[in-house]
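Quick look at run.cif (mmCIF, C-alpha atoms and all ligand atoms):
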```
data_coords
#
loop_
_atom_site.label_atom_id
_atom_site.label_comp_id
_atom_site.auth_asym_id
_atom_site.auth_seq_id
_atom_site.Cartn_x
_atom_site.Cartn_y
_atom_site.Cartn_z
CA MET N 106 39.82 -20.97 -28.71
CA ASP N 107 36.10 -21.83 -28.79
CA ALA N 108 34.11 -20.83 -25.73
CA PRO N 109 32.75 -23.90 -23.93
CA VAL N 110 29.09 -24.14 -22.96
CA VAL N 111 28.43 -22.04 -19.88
CA GLU N 112 25.40 -22.98 -17.80
CA LEU N 113 24.33 -19.51 -16.72
CA ASP N 114 21.17 -20.85 -15.09
CA ARG N 115 23.06 -23.32 -12.89
CA ILE N 116 25.70 -20.74 -11.94
CA ALA N 117 23.05 -18.17 -11.01
CA SER N 118 20.94 -20.69 -9.07
CA ASP N 119 23.93 -21.86 -7.05
CA ILE N 120 24.79 -18.29 -6.09
CA TRP N 121 21.26 -17.28 -5.14
CA THR N 122 20.71 -20.44 -3.10
CA ALA N 123 24.03 -20.35 -1.23
CA MET N 124 24.32 -16.61 -0.61
CA LEU N 125 20.68 -15.57 -0.30
CA GLY N 126 18.69 -18.71 0.47
CA LEU N 127 16.49 -17.86 -2.53
CA THR N 128 15.36 -20.11 -5.37
CA LEU N 129 15.56 -19.07 -9.01
CA GLU N 130 12.96 -20.63 -11.30
CA PRO N 131 13.23 -20.95 -15.08
CA TYR N 132 11.44 -18.21 -17.04
CA HIS N 133 10.13 -19.12 -20.45
CA ASP N 134 9.22 -15.72 -21.93
CA ALA N 135 11.59 -13.17 -23.46
CA PRO N 136 13.88 -11.92 -20.66
CA VAL N 137 12.92 -8.25 -21.02
CA PHE N 138 11.95 -5.77 -18.32
CA PRO N 139 8.95 -3.46 -18.81
CA PRO N 140 10.19 0.00 -19.93
CA ASP N 141 8.70 1.74 -16.88
CA GLN N 142 10.49 -0.52 -14.39
CA ARG N 143 13.65 0.69 -12.62
CA VAL N 144 16.32 -1.94 -13.22
CA ALA N 145 19.73 -2.38 -11.55
CA THR N 146 22.59 -3.83 -13.61
CA GLY N 147 25.80 -5.25 -12.20
CA ILE N 148 28.58 -5.83 -14.73
CA VAL N 149 32.05 -7.38 -14.63
CA GLN N 150 34.39 -7.56 -17.58
CA ILE N 151 36.57 -10.50 -18.52
CA THR N 152 39.90 -10.03 -20.29
CA GLY N 153 42.57 -12.46 -21.43
CA ASP N 154 42.09 -15.61 -23.52
CA PHE N 155 38.39 -14.77 -23.56
CA GLU N 156 37.19 -11.18 -23.68
CA GLY N 157 33.72 -10.17 -22.71
CA ALA N 158 31.44 -9.30 -19.85
CA VAL N 159 28.75 -10.74 -17.64
CA THR N 160 25.77 -8.74 -16.45
CA VAL N 161 23.19 -9.45 -13.76
CA GLN N 162 19.98 -7.43 -13.99
CA LEU N 163 17.03 -7.22 -11.66
CA ALA N 164 14.31 -4.80 -10.64
CA GLU N 165 15.54 -2.22 -8.12
CA THR N 166 12.87 -3.36 -5.68
CA LYS N 167 14.21 -6.91 -5.89
CA ALA N 168 17.78 -5.65 -5.60
CA ARG N 169 16.80 -3.91 -2.36
CA GLU N 170 15.35 -7.19 -1.06
CA VAL N 171 18.58 -9.01 -1.97
CA ALA N 172 20.70 -6.35 -0.26
CA ALA N 173 18.50 -6.57 2.86
CA ILE N 174 19.21 -10.32 3.05
CA MET N 175 22.96 -9.88 2.58
CA PHE N 176 23.22 -7.06 5.12
CA ALA N 177 20.65 -8.68 7.46
CA MET N 178 18.81 -5.36 7.61
CA GLY N 179 15.20 -4.33 7.01
CA PRO N 180 14.44 -3.23 3.42
CA ASP N 181 13.68 0.27 4.77
CA GLU N 182 17.20 0.57 6.13
CA ILE N 183 18.77 -0.25 2.77
CA GLY N 184 20.09 2.73 0.78
CA GLU N 185 21.48 3.10 -2.72
CA GLU N 186 24.99 2.24 -1.56
CA GLU N 187 23.92 -1.11 -0.10
CA VAL N 188 21.93 -1.96 -3.24
CA SER N 189 24.89 -1.11 -5.43
CA ASP N 190 27.29 -3.18 -3.29
CA ALA N 191 24.99 -6.21 -3.29
CA VAL N 192 24.30 -6.13 -7.04
CA GLY N 193 28.00 -5.60 -7.75
CA GLU N 194 28.90 -8.63 -5.68
CA LEU N 195 26.26 -10.78 -7.41
CA ALA N 196 27.83 -9.75 -10.73
CA ASN N 197 31.31 -10.47 -9.37
CA MET N 198 30.32 -13.97 -8.25
CA THR N 199 28.42 -14.72 -11.46
CA GLY N 200 31.23 -13.39 -13.66
CA GLY N 201 33.87 -15.22 -11.62
CA ASN N 202 32.08 -18.53 -12.00
CA VAL N 203 31.55 -17.93 -15.73
CA LYS N 204 35.25 -17.13 -16.06
CA SER N 205 36.18 -20.39 -14.31
CA THR N 206 34.05 -22.32 -16.82
CA LEU N 207 35.68 -20.56 -19.78
CA CYS N 208 39.13 -21.98 -18.88
CA GLY N 209 42.14 -20.27 -20.39
CA VAL N 210 43.90 -17.44 -18.58
CA CYS N 211 41.48 -14.62 -17.90
CA GLN N 212 41.20 -11.70 -15.51
CA LEU N 213 38.05 -10.37 -13.93
CA SER N 214 37.46 -6.62 -13.51
CA LEU N 215 36.03 -5.09 -10.37
CA PRO N 216 32.24 -4.84 -10.70
CA SER N 217 30.34 -1.70 -11.63
CA VAL N 218 26.66 -1.05 -11.15
CA THR N 219 24.18 1.18 -12.88
CA SER N 220 20.49 1.66 -12.51
CA GLY N 221 17.58 3.36 -14.27
CA ARG N 222 14.64 2.85 -16.63
CA ASP N 223 14.57 1.57 -20.18
CA TYR N 224 18.29 1.49 -20.99
CA HIS N 225 20.50 -0.80 -22.99
CA VAL N 226 23.88 -2.15 -21.81
CA SER N 227 26.60 -2.73 -24.40
CA VAL N 228 30.30 -3.51 -24.24
CA PRO N 229 32.08 -2.31 -27.41
CA GLY N 230 33.46 -5.15 -29.53
CA THR N 231 31.33 -7.81 -27.85
CA ALA N 232 28.02 -9.42 -28.69
CA VAL N 233 25.51 -11.28 -26.56
CA ARG N 234 26.56 -14.94 -26.49
CA ASP N 235 23.88 -16.11 -24.09
CA ARG N 236 21.06 -14.48 -22.12
CA ILE N 237 18.76 -16.21 -19.69
CA GLY N 238 15.78 -15.07 -17.67
CA MET N 239 14.88 -16.60 -14.34
CA THR N 240 12.40 -15.57 -11.72
CA CYS N 241 12.70 -15.19 -7.99
CA GLY N 242 9.42 -14.81 -6.13
CA GLY N 243 7.81 -13.92 -9.48
CA GLU N 244 10.37 -11.20 -10.29
CA LEU N 245 12.60 -11.37 -13.33
CA VAL N 246 16.37 -11.81 -13.03
CA VAL N 247 18.37 -11.62 -16.27
CA ILE N 248 21.92 -12.94 -16.71
CA THR N 249 23.79 -12.07 -19.90
CA MET N 250 27.16 -13.26 -21.17
CA LEU N 251 28.80 -11.08 -23.82
CA LEU N 252 31.88 -12.29 -25.67
CA ARG N 253 34.13 -10.72 -28.26
CA GLN N 254 32.70 -11.60 -31.63
CA ASP N 255 35.71 -13.65 -32.78
CA ALA N 256 35.77 -15.82 -29.60
CA MET T 22 39.30 -15.46 19.02
CA ARG T 23 39.77 -12.53 16.69
CA ALA T 24 39.46 -12.43 12.91
CA ILE T 25 39.61 -9.95 10.08
CA VAL T 26 37.38 -10.12 7.01
CA VAL T 27 38.97 -8.50 3.96
CA ASP T 28 36.64 -8.00 0.99
CA ASP T 29 35.69 -4.99 -1.13
CA SER T 30 32.02 -5.95 -0.92
CA ARG T 31 30.43 -4.73 2.33
CA ALA T 32 27.57 -7.15 1.70
CA THR T 33 29.90 -10.15 1.57
CA ARG T 34 31.79 -8.88 4.63
CA ALA T 35 28.48 -8.66 6.48
CA ILE T 36 27.66 -12.29 5.64
CA LEU T 37 31.13 -13.55 6.62
CA VAL T 38 31.11 -11.56 9.86
CA ARG T 39 27.77 -13.16 10.82
CA ILE T 40 29.15 -16.64 10.09
CA LEU T 41 32.30 -15.96 12.14
CA ALA T 42 30.33 -14.42 15.00
CA GLU T 43 28.29 -17.66 15.19
CA LEU T 44 31.59 -19.51 15.54
CA GLY T 45 32.66 -17.23 18.38
CA PHE T 46 34.96 -14.80 16.55
CA GLU T 47 35.22 -11.10 17.18
CA CYS T 48 35.72 -9.47 13.75
CA HIS T 49 37.48 -6.55 12.18
CA GLN T 50 36.69 -5.60 8.59
CA ALA T 51 38.70 -4.08 5.77
CA ALA T 52 37.80 -3.25 2.17
CA HIS T 53 41.22 -4.12 0.70
CA GLY T 54 44.60 -5.52 1.61
CA ARG T 55 46.23 -2.17 2.44
CA GLU T 56 43.44 -1.25 4.86
CA ALA T 57 43.74 -4.69 6.46
CA LEU T 58 47.51 -4.33 6.96
CA ASP T 59 47.02 -0.88 8.51
CA LEU T 60 44.35 -2.28 10.82
CA LEU T 61 46.54 -5.19 11.87
CA ALA T 62 49.45 -2.82 12.50
CA ALA T 63 47.21 -0.73 14.76
CA GLN T 64 45.23 -3.51 16.48
CA GLY T 65 47.76 -6.34 16.58
CA VAL T 66 47.72 -9.79 15.08
CA VAL T 67 44.49 -11.82 14.85
CA GLU T 68 44.06 -15.60 14.61
CA LEU T 69 42.31 -15.65 11.25
CA ALA T 70 41.87 -13.62 8.06
CA LEU T 71 39.24 -14.39 5.42
CA VAL T 72 40.58 -12.78 2.26
CA ASP T 73 38.91 -11.95 -1.05
CA TRP T 74 41.09 -12.02 -4.17
CA ASN T 75 39.77 -9.21 -6.39
CA MET T 76 39.89 -5.93 -4.50
CA PRO T 77 41.06 -2.40 -5.36
CA VAL T 78 44.27 -0.85 -3.91
CA MET T 79 45.78 -4.17 -2.75
CA ASP T 80 44.37 -7.50 -3.83
CA GLY T 81 44.15 -10.64 -1.73
CA LEU T 82 47.24 -12.32 -3.18
CA ALA T 83 49.43 -9.28 -2.43
CA PHE T 84 47.94 -9.16 1.08
CA VAL T 85 48.79 -12.83 1.71
CA ARG T 86 52.37 -12.26 0.51
CA GLN T 87 52.77 -9.20 2.75
CA VAL T 88 51.42 -11.01 5.80
CA ARG T 89 53.76 -13.96 5.23
CA ALA T 90 56.72 -11.59 4.79
CA ASP T 91 55.97 -9.83 8.09
CA GLY T 92 57.28 -11.66 11.15
CA ALA T 93 55.03 -9.59 13.41
CA LEU T 94 52.01 -11.32 11.81
CA ASP T 95 53.31 -14.86 12.28
CA GLY T 96 50.78 -17.51 13.13
CA MET T 97 47.82 -15.87 11.41
CA LYS T 98 45.71 -18.38 9.47
CA LEU T 99 44.78 -17.10 6.01
CA VAL T 100 41.73 -18.40 4.12
CA MET T 101 41.05 -17.09 0.62
CA VAL T 102 37.32 -16.64 -0.07
CA THR T 103 36.99 -15.80 -3.74
CA THR T 104 35.26 -16.28 -7.09
CA GLU T 105 38.64 -17.26 -8.56
CA GLY T 106 37.99 -20.98 -8.84
CA ASP T 107 40.59 -22.31 -11.24
CA THR T 108 43.52 -24.46 -10.19
CA ALA T 109 46.10 -21.87 -11.27
CA HIS T 110 44.70 -19.32 -8.81
CA LEU T 111 44.46 -21.91 -6.05
CA VAL T 112 48.09 -22.94 -6.52
CA ARG T 113 49.27 -19.31 -6.54
CA ALA T 114 47.38 -18.56 -3.33
CA LEU T 115 48.71 -21.64 -1.52
CA GLU T 116 52.26 -20.95 -2.74
CA ALA T 117 51.96 -17.38 -1.45
CA GLY T 118 51.08 -18.74 1.98
CA ALA T 119 47.29 -19.11 2.15
CA ASP T 120 46.22 -21.99 4.43
CA GLU T 121 42.84 -22.75 2.86
CA TYR T 122 40.76 -21.74 -0.12
CA ALA T 123 36.96 -21.36 -0.33
CA MET T 124 34.94 -20.51 -3.41
CA LYS T 125 32.23 -17.88 -3.76
CA PRO T 126 29.37 -18.65 -3.53
CA PHE T 127 29.96 -20.15 -0.10
CA THR T 128 27.71 -21.41 2.68
CA ALA T 129 28.21 -21.17 6.43
CA ALA T 130 28.86 -24.92 6.43
CA VAL T 131 31.73 -24.59 3.94
CA ILE T 132 33.40 -21.78 5.91
CA ARG T 133 33.03 -23.81 9.09
CA GLU T 134 34.61 -26.86 7.42
CA LYS T 135 37.60 -24.82 6.29
CA LEU T 136 38.07 -23.49 9.82
CA GLN T 137 37.76 -27.00 11.26
CA LEU T 138 40.65 -28.05 9.03
CA LEU T 139 42.67 -25.26 10.67
CA ASP T 140 41.50 -26.15 14.20
CA LEU T 141 39.71 -22.83 14.46
CA ALA T 142 36.18 -24.28 14.73
CA GLN T 143 34.62 -27.32 16.33
MG MG N 301 35.99 -8.60 -4.51
#
```

Starting from the file, lay out its structure as structure tokens.
Amino acid sequence: MDAPVVELDRIASDIWTAMLGLTLEPYHDAPVFPPDQRVATGIVQITGDFEGAVTVQLAETKAREVAAIMFAMGPDEIGEEEVSDAVGELANMTGGNVKSTLCGVCQLSLPSVTSGRDYHVSVPGTAVRDRIGMTCGGELVVITMLLRQDA
Amino acid sequence: MRAIVVDDSRATRAILVRILAELGFECHQAAHGREALDLLAAQGVVELALVDWNMPVMDGLAFVRQVRADGALDGMKLVMVTTEGDTAHLVRALEAGADEYAMKPFTAAVIREKLQLLDLAQ
């Protein structure tokens, strides 16, 4: 089964507008974070007729801002646990909406979140099918869809 | 009116609790279906549950089935709030006994509309 076109930019924009009241703008450069920047990654895996994963990546500082909006708390009150929860849920929503576009019978994993500097995320057996960069208030947000190579 | 918000994301629970509070609900929260059932057993039945699908321990579908199988929880309105947007999931949830279905991402207006359909909001 061929994977249909998935509009990652539209999916991400809809989520950020509805859940956060924030606008994502297109980003025309390579969607790469500077190596010295701390980046949070939320990931959900898709299994079934399509196998792969969806990741949402953003600077930790931005992730804290996003968590503050979701929890309706000041950024100073936001700890690692809140950041991780918020980024995981963004990945869950993004992955869920990607999965719906893929059709077929697929399951979504629970999200996991990691964070650090200058690291690479890979899911064995999959390759990057699509990666987009967008910006929110000038800060980069990267959405990646990985699919099993034979999909 | 009393409600319970069942979702493994604390952030999403926080958003839903704010929306329900605006509509006049007093809210309990649970991180999965099992926790929600325990809470309901301890606190008594509530008018409304907003229920995520993908959660650890007990997912939203299993929770809906358990609530509908339990006569003590009769009359509770169940609204799925989930990223699972395909028709197959929707049909399974409604067959299991869910009253309404809302997609993530959601807005306050969408949640309100769903509750209006159930006569739980003006
Ligand atoms: Mg969930």

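Those protein and nucleic acid residues that have any atom within 9 Å of ligand MG 301 (chain N) are, using only C-alpha atoms and all ligand atoms, Glu194, Asn197, Met198, Leu215 and Pro216 of chain N; Val27, Asp28, Asp29, Ser30, Thr33, Ala52, His53, Asp73, Trp74, Asn75, Met76, Pro77, Asp80, Gly81, Thr103 and Thr104 of chain T.
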
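Take the candidates N:Val188, N:Val210, N:Ala164, N:Met178 and check each one against N:Pro140 using all atoms listed in the file; the shortest distance goes to N:Ala164.
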
Please determine the contact residues of chain T with respect to chain N at a cut-off of 6 Å, counting all atoms listed in the file, and supply them as a tab-separated table (two decimals) with C-alpha atoms, in the frame of the given file.
```
chain	number	residue	atom	x	y	z
T	30	SER	CA	32.02	-5.95	-0.92
T	32	ALA	CA	27.57	-7.15	1.70
T	35	ALA	CA	28.48	-8.66	6.48
T	104	THR	CA	35.26	-16.28	-7.09
T	106	GLY	CA	37.99	-20.98	-8.84
T	107	ASP	CA	40.59	-22.31	-11.24
T	126	PRO	CA	29.37	-18.65	-3.53
T	128	THR	CA	27.71	-21.41	2.68
```

With 6 Å of padding per side, what axis-aligned box (centre and edge lengths, Å, one decimal) covers all the listed atoms of stretch 153-168 of chain N? Give it as lines of an AutoDock Vina configuration file.
```
center_x = 27.7
center_y = -8.9
center_z = -14.6
size_x = 41.7
size_y = 25.4
size_z = 30.1
```

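Between atom CA of N:Val218 and atom CA of N:Ile148 there is a distance of 6.3 Å.
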
message = Set the distance at 12 Å and use only C-alpha atoms: which residues neighbour stretch 111-118 of chain T once local chain neighbours fewer than 6 positions away are removed? I'd like the list as a PyMOL selection string.
response = (chain N and resi 205) or (chain T and resi 72-74+80-91+95-105+124)

Nearest residue to N:Ile237 from the set N:Pro180, N:Thr249, N:Pro109, N:Gln150 (distances using all atoms listed in the file) = N:Thr249

List the neighbours of N:Asp134 out to 12 Å using only C-alpha atoms; skip same-chain residues closer than 5 positions along the sequence, and give me the result as a PDB file with C-alpha atoms, in the frame of the given file.
```pdb
ATOM      1  CA  ARG N 236      21.060 -14.480 -22.120  1.00  0.00           C
ATOM      2  CA  ILE N 237      18.760 -16.210 -19.690  1.00  0.00           C
ATOM      3  CA  GLY N 238      15.780 -15.070 -17.670  1.00  0.00           C
ATOM      4  CA  MET N 239      14.880 -16.600 -14.340  1.00  0.00           C
ATOM      5  CA  THR N 240      12.400 -15.570 -11.720  1.00  0.00           C
ATOM      6  CA  LEU N 245      12.600 -11.370 -13.330  1.00  0.00           C
ATOM      7  CA  VAL N 247      18.370 -11.620 -16.270  1.00  0.00           C
TER       8      VAL N 247
END
```

Start from the incomplete input, build N, CA, C and O atoms for stretch 93-118 of chain T, and deliver everything as a short mmCIF file (atom, residue, chain, number, x, y, z; two decimals), keeping the file's coordinate frame.
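That gives us out.cif:
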```cif
data_model
loop_
_atom_site.label_atom_id
_atom_site.label_comp_id
_atom_site.auth_asym_id
_atom_site.auth_seq_id
_atom_site.Cartn_x
_atom_site.Cartn_y
_atom_site.Cartn_z
N ALA T 93 55.94 -10.03 12.35
CA ALA T 93 55.03 -9.59 13.41
C ALA T 93 53.65 -10.23 13.27
O ALA T 93 52.87 -10.25 14.21
N LEU T 94 53.34 -10.73 12.06
CA LEU T 94 52.01 -11.32 11.81
C LEU T 94 52.08 -12.85 11.75
O LEU T 94 51.16 -13.50 11.26
N ASP T 95 53.15 -13.40 12.27
CA ASP T 95 53.31 -14.86 12.28
C ASP T 95 52.14 -15.56 12.98
O ASP T 95 51.63 -15.06 13.96
N GLY T 96 51.78 -16.70 12.44
CA GLY T 96 50.78 -17.51 13.13
C GLY T 96 49.36 -17.22 12.70
O GLY T 96 48.43 -17.92 13.08
N MET T 97 49.17 -16.17 11.88
CA MET T 97 47.82 -15.87 11.41
C MET T 97 47.42 -16.90 10.36
O MET T 97 48.18 -17.18 9.44
N LYS T 98 46.23 -17.47 10.50
CA LYS T 98 45.71 -18.38 9.47
C LYS T 98 45.02 -17.55 8.39
O LYS T 98 44.24 -16.63 8.69
N LEU T 99 45.32 -17.88 7.13
CA LEU T 99 44.78 -17.10 6.01
C LEU T 99 43.91 -18.00 5.13
O LEU T 99 44.38 -19.02 4.61
N VAL T 100 42.65 -17.64 4.98
CA VAL T 100 41.73 -18.40 4.12
C VAL T 100 41.25 -17.49 3.00
O VAL T 100 40.64 -16.45 3.26
N MET T 101 41.56 -17.85 1.76
CA MET T 101 41.05 -17.09 0.62
C MET T 101 39.57 -17.45 0.43
O MET T 101 39.21 -18.63 0.49
N VAL T 102 38.74 -16.43 0.23
CA VAL T 102 37.32 -16.64 -0.07
C VAL T 102 37.04 -15.84 -1.33
O VAL T 102 36.96 -14.62 -1.27
N THR T 103 36.92 -16.52 -2.47
CA THR T 103 36.99 -15.80 -3.74
C THR T 103 36.21 -16.48 -4.85
O THR T 103 35.90 -17.66 -4.78
N THR T 104 35.88 -15.70 -5.89
CA THR T 104 35.26 -16.28 -7.09
C THR T 104 36.30 -16.92 -8.00
O THR T 104 35.94 -17.57 -8.98
N GLU T 105 37.58 -16.72 -7.70
CA GLU T 105 38.64 -17.26 -8.56
C GLU T 105 38.76 -18.75 -8.31
O GLU T 105 39.42 -19.18 -7.36
N GLY T 106 38.13 -19.57 -9.16
CA GLY T 106 37.99 -20.98 -8.84
C GLY T 106 38.93 -21.92 -9.57
O GLY T 106 38.91 -23.13 -9.33
N ASP T 107 39.77 -21.38 -10.45
CA ASP T 107 40.59 -22.31 -11.24
C ASP T 107 41.83 -22.74 -10.46
O ASP T 107 42.27 -22.09 -9.52
N THR T 108 42.39 -23.86 -10.89
CA THR T 108 43.52 -24.46 -10.19
C THR T 108 44.71 -23.51 -10.14
O THR T 108 45.42 -23.45 -9.13
N ALA T 109 44.94 -22.77 -11.22
CA ALA T 109 46.10 -21.87 -11.27
C ALA T 109 46.04 -20.85 -10.13
O ALA T 109 47.04 -20.58 -9.46
N HIS T 110 44.84 -20.29 -9.91
CA HIS T 110 44.70 -19.32 -8.81
C HIS T 110 44.92 -19.99 -7.46
O HIS T 110 45.57 -19.45 -6.58
N LEU T 111 44.33 -21.19 -7.32
CA LEU T 111 44.46 -21.91 -6.05
C LEU T 111 45.93 -22.17 -5.73
O LEU T 111 46.40 -21.90 -4.61
N VAL T 112 46.66 -22.64 -6.72
CA VAL T 112 48.09 -22.94 -6.52
C VAL T 112 48.85 -21.67 -6.14
O VAL T 112 49.67 -21.68 -5.22
N ARG T 113 48.57 -20.57 -6.85
CA ARG T 113 49.27 -19.31 -6.54
C ARG T 113 49.00 -18.86 -5.11
O ARG T 113 49.90 -18.41 -4.40
N ALA T 114 47.75 -19.00 -4.68
CA ALA T 114 47.38 -18.56 -3.33
C ALA T 114 48.08 -19.42 -2.28
O ALA T 114 48.63 -18.91 -1.31
N LEU T 115 48.09 -20.74 -2.50
CA LEU T 115 48.71 -21.64 -1.52
C LEU T 115 50.22 -21.42 -1.49
O LEU T 115 50.83 -21.41 -0.43
N GLU T 116 50.81 -21.21 -2.68
CA GLU T 116 52.26 -20.95 -2.74
C GLU T 116 52.62 -19.64 -2.03
O GLU T 116 53.68 -19.52 -1.43
N ALA T 117 51.70 -18.68 -2.10
CA ALA T 117 51.96 -17.38 -1.45
C ALA T 117 51.83 -17.49 0.07
O ALA T 117 52.29 -16.60 0.80
N GLY T 118 51.17 -18.56 0.53
CA GLY T 118 51.08 -18.74 1.98
C GLY T 118 49.67 -18.84 2.54
O GLY T 118 49.49 -18.84 3.76
#
```
